[in-house]
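Source file: target_38.pdb; contents: PDB, C-alpha atoms.
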```
MODEL        1
ATOM      1  CA  MET A   9     112.895 108.242 107.470  1.00  0.00           C
ATOM      2  CA  LEU A  10     112.228 109.162 103.838  1.00  0.00           C
ATOM      3  CA  GLY A  11     110.704 112.648 103.787  1.00  0.00           C
ATOM      4  CA  TYR A  12     110.055 112.504 107.565  1.00  0.00           C
ATOM      5  CA  PRO A  13     108.061 115.565 108.726  1.00  0.00           C
ATOM      6  CA  GLY A  14     109.447 115.540 112.261  1.00  0.00           C
ATOM      7  CA  PHE A  15     107.598 114.764 115.493  1.00  0.00           C
ATOM      8  CA  TRP A  16     104.409 116.605 114.514  1.00  0.00           C
ATOM      9  CA  VAL A  17     102.183 114.956 117.178  1.00  0.00           C
ATOM     10  CA  ARG A  18     104.063 116.965 119.821  1.00  0.00           C
ATOM     11  CA  ASP A  19     102.545 120.172 118.400  1.00  0.00           C
ATOM     12  CA  LEU A  20      99.968 121.399 120.935  1.00  0.00           C
ATOM     13  CA  ASP A  21      97.512 122.240 118.137  1.00  0.00           C
ATOM     14  CA  THR A  22      96.995 118.512 117.468  1.00  0.00           C
ATOM     15  CA  GLY A  23      95.372 117.990 120.873  1.00  0.00           C
ATOM     16  CA  ILE A  24      97.279 114.703 121.213  1.00  0.00           C
ATOM     17  CA  ASP A  25      98.876 113.764 124.546  1.00  0.00           C
ATOM     18  CA  TRP A  26     102.189 112.914 122.864  1.00  0.00           C
ATOM     19  CA  VAL A  27     103.688 111.465 126.050  1.00  0.00           C
ATOM     20  CA  LYS A  28     101.220 108.562 125.860  1.00  0.00           C
ATOM     21  CA  ILE A  29     101.421 107.616 122.175  1.00  0.00           C
ATOM     22  CA  VAL A  30     102.704 104.293 120.843  1.00  0.00           C
ATOM     23  CA  ASN A  31     103.727 103.416 117.289  1.00  0.00           C
ATOM     24  CA  GLY A  32     101.225 100.725 116.365  1.00  0.00           C
ATOM     25  CA  GLU A  33     102.240  99.803 112.832  1.00  0.00           C
ATOM     26  CA  GLN A  34     104.409 101.109 110.034  1.00  0.00           C
ATOM     27  CA  GLY A  35     104.694 100.179 106.377  1.00  0.00           C
ATOM     28  CA  VAL A  36     106.550 101.262 103.278  1.00  0.00           C
ATOM     29  CA  ILE A  37     105.916 100.605  99.607  1.00  0.00           C
ATOM     30  CA  LEU A  38     108.866 101.359  97.348  1.00  0.00           C
ATOM     31  CA  HIS A  39     107.625 102.405  93.905  1.00  0.00           C
ATOM     32  CA  GLN A  40     111.109 102.449  92.407  1.00  0.00           C
ATOM     33  CA  PRO A  41     114.658 101.622  93.522  1.00  0.00           C
ATOM     34  CA  LEU A  42     116.191 104.178  95.885  1.00  0.00           C
ATOM     35  CA  LYS A  43     118.960 106.281  94.401  1.00  0.00           C
ATOM     36  CA  ALA A  44     122.336 106.436  96.131  1.00  0.00           C
ATOM     37  CA  ALA A  45     122.127 110.237  96.239  1.00  0.00           C
ATOM     38  CA  GLY A  46     119.454 112.845  95.718  1.00  0.00           C
ATOM     39  CA  THR A  47     116.762 114.842  97.467  1.00  0.00           C
ATOM     40  CA  VAL A  48     113.255 113.676  98.272  1.00  0.00           C
ATOM     41  CA  PHE A  49     110.164 115.559  99.378  1.00  0.00           C
ATOM     42  CA  GLY A  50     107.542 114.068 101.702  1.00  0.00           C
ATOM     43  CA  LYS A  51     103.895 115.156 101.872  1.00  0.00           C
ATOM     44  CA  SER A  52     102.003 113.737 104.855  1.00  0.00           C
ATOM     45  CA  ARG A  53      98.299 113.538 105.532  1.00  0.00           C
ATOM     46  CA  ILE A  54      96.048 112.092 108.194  1.00  0.00           C
ATOM     47  CA  VAL A  55      93.976 109.395 106.516  1.00  0.00           C
ATOM     48  CA  GLU A  56      91.629 108.640 109.397  1.00  0.00           C
ATOM     49  CA  VAL A  57      91.162 109.016 113.160  1.00  0.00           C
ATOM     50  CA  ILE A  58      89.266 106.307 115.026  1.00  0.00           C
ATOM     51  CA  ASP A  59      87.851 106.993 118.484  1.00  0.00           C
ATOM     52  CA  LYS A  60      87.957 103.749 120.451  1.00  0.00           C
ATOM     53  CA  GLY A  61      86.025 105.362 123.318  1.00  0.00           C
ATOM     54  CA  ALA A  62      86.697 107.135 126.603  1.00  0.00           C
ATOM     55  CA  GLY A  63      89.549 105.420 128.428  1.00  0.00           C
ATOM     56  CA  LYS A  64      90.299 103.254 125.364  1.00  0.00           C
ATOM     57  CA  GLY A  65      92.310 105.643 123.227  1.00  0.00           C
ATOM     58  CA  ALA A  66      92.275 106.517 119.551  1.00  0.00           C
ATOM     59  CA  LEU A  67      94.013 105.389 116.369  1.00  0.00           C
ATOM     60  CA  VAL A  68      95.534 107.902 113.958  1.00  0.00           C
ATOM     61  CA  TYR A  69      96.303 106.603 110.453  1.00  0.00           C
ATOM     62  CA  THR A  70      98.786 108.659 108.439  1.00  0.00           C
ATOM     63  CA  GLU A  71     100.228 108.374 104.949  1.00  0.00           C
ATOM     64  CA  ARG A  72     103.282 110.074 103.477  1.00  0.00           C
ATOM     65  CA  LYS A  73     103.934 110.247  99.733  1.00  0.00           C
ATOM     66  CA  VAL A  74     107.652 110.622  99.036  1.00  0.00           C
ATOM     67  CA  THR A  75     108.675 112.068  95.685  1.00  0.00           C
ATOM     68  CA  ASP A  76     111.988 112.713  93.991  1.00  0.00           C
ATOM     69  CA  LYS A  77     112.605 116.457  94.093  1.00  0.00           C
ATOM     70  CA  ALA A  78     114.307 116.563  90.684  1.00  0.00           C
ATOM     71  CA  SER A  79     111.772 114.535  88.667  1.00  0.00           C
ATOM     72  CA  GLY A  80     108.629 114.653  90.820  1.00  0.00           C
ATOM     73  CA  ALA A  81     108.354 110.850  90.480  1.00  0.00           C
ATOM     74  CA  LEU A  82     106.751 108.926  93.338  1.00  0.00           C
ATOM     75  CA  VAL A  83     109.503 107.080  95.217  1.00  0.00           C
ATOM     76  CA  ALA A  84     107.656 105.579  98.202  1.00  0.00           C
ATOM     77  CA  THR A  85     104.439 105.543 100.193  1.00  0.00           C
ATOM     78  CA  VAL A  86     104.925 105.345 103.959  1.00  0.00           C
ATOM     79  CA  THR A  87     101.997 104.435 106.222  1.00  0.00           C
ATOM     80  CA  GLN A  88     101.777 104.595 109.996  1.00  0.00           C
ATOM     81  CA  THR A  89      99.260 103.823 112.706  1.00  0.00           C
ATOM     82  CA  THR A  90      99.712 105.719 115.958  1.00  0.00           C
ATOM     83  CA  PHE A  91      97.877 104.541 119.060  1.00  0.00           C
ATOM     84  CA  CYS A  92      96.970 107.566 121.186  1.00  0.00           C
ATOM     85  CA  ARG A  93      96.347 105.853 124.523  1.00  0.00           C
ATOM     86  CA  ALA A  94      95.024 108.932 126.342  1.00  0.00           C
ATOM     87  CA  ASP A  95      92.926 110.525 123.603  1.00  0.00           C
ATOM     88  CA  GLY A  96      89.735 108.485 123.181  1.00  0.00           C
ATOM     89  CA  GLY A  97      86.208 109.661 123.892  1.00  0.00           C
ATOM     90  CA  PHE A  98      86.120 112.699 121.595  1.00  0.00           C
ATOM     91  CA  GLY A  99      83.216 111.410 119.505  1.00  0.00           C
ATOM     92  CA  GLY A 100      82.997 110.656 115.842  1.00  0.00           C
ATOM     93  CA  PRO A 101      81.187 107.967 113.946  1.00  0.00           C
ATOM     94  CA  PRO A 102      81.471 104.492 115.455  1.00  0.00           C
ATOM     95  CA  ARG A 103      83.802 102.302 113.458  1.00  0.00           C
ATOM     96  CA  GLU A 104      85.573  99.059 114.086  1.00  0.00           C
ATOM     97  CA  SER A 105      89.319  98.856 113.809  1.00  0.00           C
ATOM     98  CA  PRO A 106      90.594  97.263 110.602  1.00  0.00           C
ATOM     99  CA  PRO A 107      91.197  93.517 110.786  1.00  0.00           C
ATOM    100  CA  VAL A 108      94.534  92.336 112.126  1.00  0.00           C
ATOM    101  CA  HIS A 109      96.987  91.187 109.463  1.00  0.00           C
ATOM    102  CA  LYS A 110      97.180  87.429 109.061  1.00  0.00           C
ATOM    103  CA  ILE A 111     100.406  85.809 110.165  1.00  0.00           C
ATOM    104  CA  PRO A 112     101.954  84.128 107.120  1.00  0.00           C
ATOM    105  CA  SER A 113     102.031  80.364 107.202  1.00  0.00           C
ATOM    106  CA  GLY A 114     104.691  78.134 105.771  1.00  0.00           C
ATOM    107  CA  ARG A 115     108.440  78.324 105.834  1.00  0.00           C
ATOM    108  CA  ARG A 116     110.019  81.151 107.780  1.00  0.00           C
ATOM    109  CA  THR A 117     112.337  83.565 106.062  1.00  0.00           C
ATOM    110  CA  SER A 118     114.364  86.443 107.385  1.00  0.00           C
ATOM    111  CA  CYS A 119     115.735  89.615 105.928  1.00  0.00           C
ATOM    112  CA  ALA A 120     118.327  92.034 107.221  1.00  0.00           C
ATOM    113  CA  ILE A 121     118.856  95.531 105.862  1.00  0.00           C
ATOM    114  CA  SER A 122     122.047  97.385 106.584  1.00  0.00           C
ATOM    115  CA  ALA A 123     122.915 100.961 105.675  1.00  0.00           C
ATOM    116  CA  ARG A 124     126.631 101.361 105.234  1.00  0.00           C
ATOM    117  CA  GLY A 125     128.473 104.469 104.282  1.00  0.00           C
ATOM    118  CA  PRO A 126     132.142 104.899 103.445  1.00  0.00           C
ATOM    119  CA  ASN A 127     133.120 105.282 107.141  1.00  0.00           C
ATOM    120  CA  ARG A 128     130.909 102.570 108.662  1.00  0.00           C
ATOM    121  CA  ARG A 129     131.858  98.960 109.275  1.00  0.00           C
TER     122      ARG A 129
ENDMDL
END
```
Now that the file is in, can you turn its structure into structure tokens?
Amino acid sequence: MLGYPGFWVRDLDTGIDWVKIVNGEQGVILHQPLKAAGTVFGKSRIVEVIDKGAGKGALVYTERKVTDKASGALVATVTQTTFCRADGGFGGPPRESPPVHKIPSGRRTSCAISARGPNRR
């Protein structure tokens, strides 16, 4: 949610059928520890759009750089892949989807993150 621009794909100017989108993948790189208080600014951009073909949908890759408002320092980079199931067949250079991430081998580990404020249990 850091520097989230809102549900921009719902804007009619995008041409995306927002009712038929699915969040395909999301990632975050923290460039420094998050402060307990402060204001951040997010600047989003579309990195790439891949046309998978008519009836096959499209992939929209976005990136958001989140900076600390006071210092201008980069706090995080947030990436997202949105699968637009109803929006393929618009053209564009043919391109294969990026390779699927390898599933790590070895011992399993788990991690839980909990946000707790003064009034939450």
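Using only C-alpha atoms, the residues found no farther than 10 Å from Leu10 (chain A), other than those of its own chain fewer than 2 positions away, are A:Tyr12, A:Pro13, A:Val36, A:Thr47, A:Val48, A:Phe49, A:Gly50, A:Arg72, A:Lys73, A:Val74, A:Thr75, A:Val83, A:Ala84, A:Thr85, A:Val86.
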What residues have an atom no more than 12 Å from (104.2, 116.8, 118.8) in the file's own frame, counting only C-alpha atoms, and can you write them as a ChimeraX atom specification?
/A:13-29,92
The residues within 10 Å of (81.8, 103.5, 123.3), using all atoms listed in the file and the coordinates of the file, should be reported as a count of residues only; which are they?
10
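Interatomic distance, CA of Val55 (chain A) to CA of Gln88 (chain A): 9.8 Å.
Among A:Ser79, A:Thr89, A:Thr70, A:Ser52, the residue with the shortest atom-to-atom distance to Gln34 (chain A), counting only C-alpha atoms, is A:Thr89.
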